[in-house]
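The structure appears right after this line, and notes come after that.
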Amino acid sequence: MQIIGDYHTHTIYSHGKGTIRDNVESAFRKGLREVAICDHGPGHIIYGVKREQIFQMRREIDELNREYEKKGLKVLLGIEANVMDYDGNIDVDEEILDVLDILLLGFHYGILPRNGKSMWYFYGLNPVSKVLPFLNSKMIDLNTQAIIKAIEKYPINIITHPGSKAKLDIGKVAEAAYKHNIALEINAHHSQLSVKNIEKALNTKVEFYINSDAHHPSNVGEFQEGIKRALEAKVPIDRIINAKE
């Protein structure tokens with residue numbers, strides 16, 4: 001299996017260690033056809049890209065594409081948006097959407113939820129549910145519904161590391177994602193999707209990406225752990241969007 005594009009990489013605009021050019025040069029050296037720069041959305045109070053910087057990133061990427069597209073590498077501007085509340089709202093508006101090539105979405109700690117109920121669910125009940133089993137199913141359902149509401153509202157392309165920061169009903173998320181032409185991520189940096197959760201998602205028709213989630217330029221295009229899990233779960237190659245034989 002060969003992965004031909006990396007659609008989840010971070011730069012110094014959030015908490016990565018390299019510039020956009022650094023990531024692009026690493027992708028080119030590794031023979032990728034596409035690479036997406038997807039720093040955290042502005043709702044992340046620690047790592048979020050500043051809103052005005054997104055438009056600067058667009059200009060940088062346009063310039064890099066003039067240099068690299070003729071060499072066979074396309075650079076995409078994306079955002080790894082954050083689920084901001086349990087009504088399914090995210091931290092990307094229409095003006096930002098207009099300049100993006102790809103939109104990723106995931107649950108992340110480090111956000112300031114937009115209402116008290118969501119704050120309590122995410123930072124109160126979520127951690128407690130990991131040690132109190134009777135809350136577990138309730139939080140899985142609440143987290144799942146929040147993601148599904150976002151899926152129904154926004155032009156998302158990929159759900160990142162589903163189940164990593166907040167437990168989800170992977171089967172329900174996969175079904176909703178498939179209906180809206182959204183893929184689930186097998187993240188080589190995080191433990192999710194795990195083999196077990198990949199197998200659950202395979203019971204639906206949802207497709208997958210294997211991404212590096214690189215936080216350093218040297219890790220762009222490093223997919224080994226994700227490939228290993230995909231092979232163990234016996235994912236058909238035609239269901240991995242960025243893979244070929």
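Identifiers for the structure tokens are assigned positionally: chains receive A, B, ... in sequence, residues are indexed from 1 per chain, and ligands are indexed from 1 in the order shown.
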
In segment 162-191 of chain A, DSSP strand (DSSP E or B) residues written as an mmCIF file with C-alpha atoms, in the first residue's frame:
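Everything below was put into selection.cif:
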```
data_model
loop_
_atom_site.group_PDB
_atom_site.id
_atom_site.type_symbol
_atom_site.label_atom_id
_atom_site.label_comp_id
_atom_site.auth_asym_id
_atom_site.auth_seq_id
_atom_site.Cartn_x
_atom_site.Cartn_y
_atom_site.Cartn_z
ATOM 1 C CA ALA A 183 -14.272 10.334 5.421
ATOM 2 C CA LEU A 184 -12.941 9.102 8.748
ATOM 3 C CA GLU A 185 -9.265 9.460 9.563
ATOM 4 C CA ILE A 186 -6.881 6.676 10.516
ATOM 5 C CA ASN A 187 -4.383 8.884 12.290
#
```

Give me the residues within 8 Å of Ile140 of chain A as an NGL selection string, counting only C-alpha atoms and dropping any in the same chain fewer than 2 places off. :A and (136-138 or 142-144 or 166-169)

Could the residues of segment 169-239 of chain A that have an atom at most 7 Å from segment 23-29 of chain A be listed as CSV, each with its closest atom pair and the distance in Å to one decimal, counting only C-alpha atoms and ordered by chain and ascending residue number?
```
residue,atom,partner,partner_atom,distance
A:Pro217,CA,A:Asn23,CA,4.8
A:Ser218,CA,A:Ser26,CA,6.5
A:Val220,CA,A:Ala27,CA,6.1
A:Gly221,CA,A:Ala27,CA,6.2
```

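Distance annotation: of A:Tyr109, A:Gln145, A:Asn65, A:Arg239, the residue with the minimal separation from Leu202 of chain A is A:Arg239; atom set is only C-alpha atoms.
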
I need the alpha helix (DSSP H) residues of segment 30-240 of chain A per DSSP on the backbone, written as a VMD selection string. chain A and resid 51 to 68 94 to 97 116 to 119 126 to 129 133 to 153 170 to 179 195 to 201 224 to 232

With only C-alpha atoms as the atoms that count, which of A:Glu152, A:Glu67, A:Glu94, A:Asp85 lies nearest to Tyr123 of chain A? A:Asp85

Residues within 8 Å of Thr11 of chain A, please, as JSON, numbers by chain. Count only C-alpha atoms; anything in the same chain fewer than 4 positions from it doesn't count. {"A": [15, 16, 17, 18, 19, 20, 23, 37, 39, 215, 216]}

Keeping C-alpha atoms, export the residues of the selection given above as a tab-separated table (two decimals), in the first residue's frame.
```tsv
chain	number	residue	atom	x	y	z
A	15	HIS	CA	1.72	24.08	17.36
A	16	GLY	CA	3.84	22.58	14.61
A	17	LYS	CA	7.61	23.01	14.49
A	18	GLY	CA	8.06	24.01	10.86
A	19	THR	CA	6.83	26.53	8.34
A	20	ILE	CA	4.41	25.80	5.52
A	23	ASN	CA	6.16	20.82	5.28
A	37	ILE	CA	-1.71	22.39	5.81
A	39	ASP	CA	-3.57	24.02	11.60
A	215	HIS	CA	3.73	18.31	14.02
A	216	HIS	CA	7.29	18.40	12.62
```
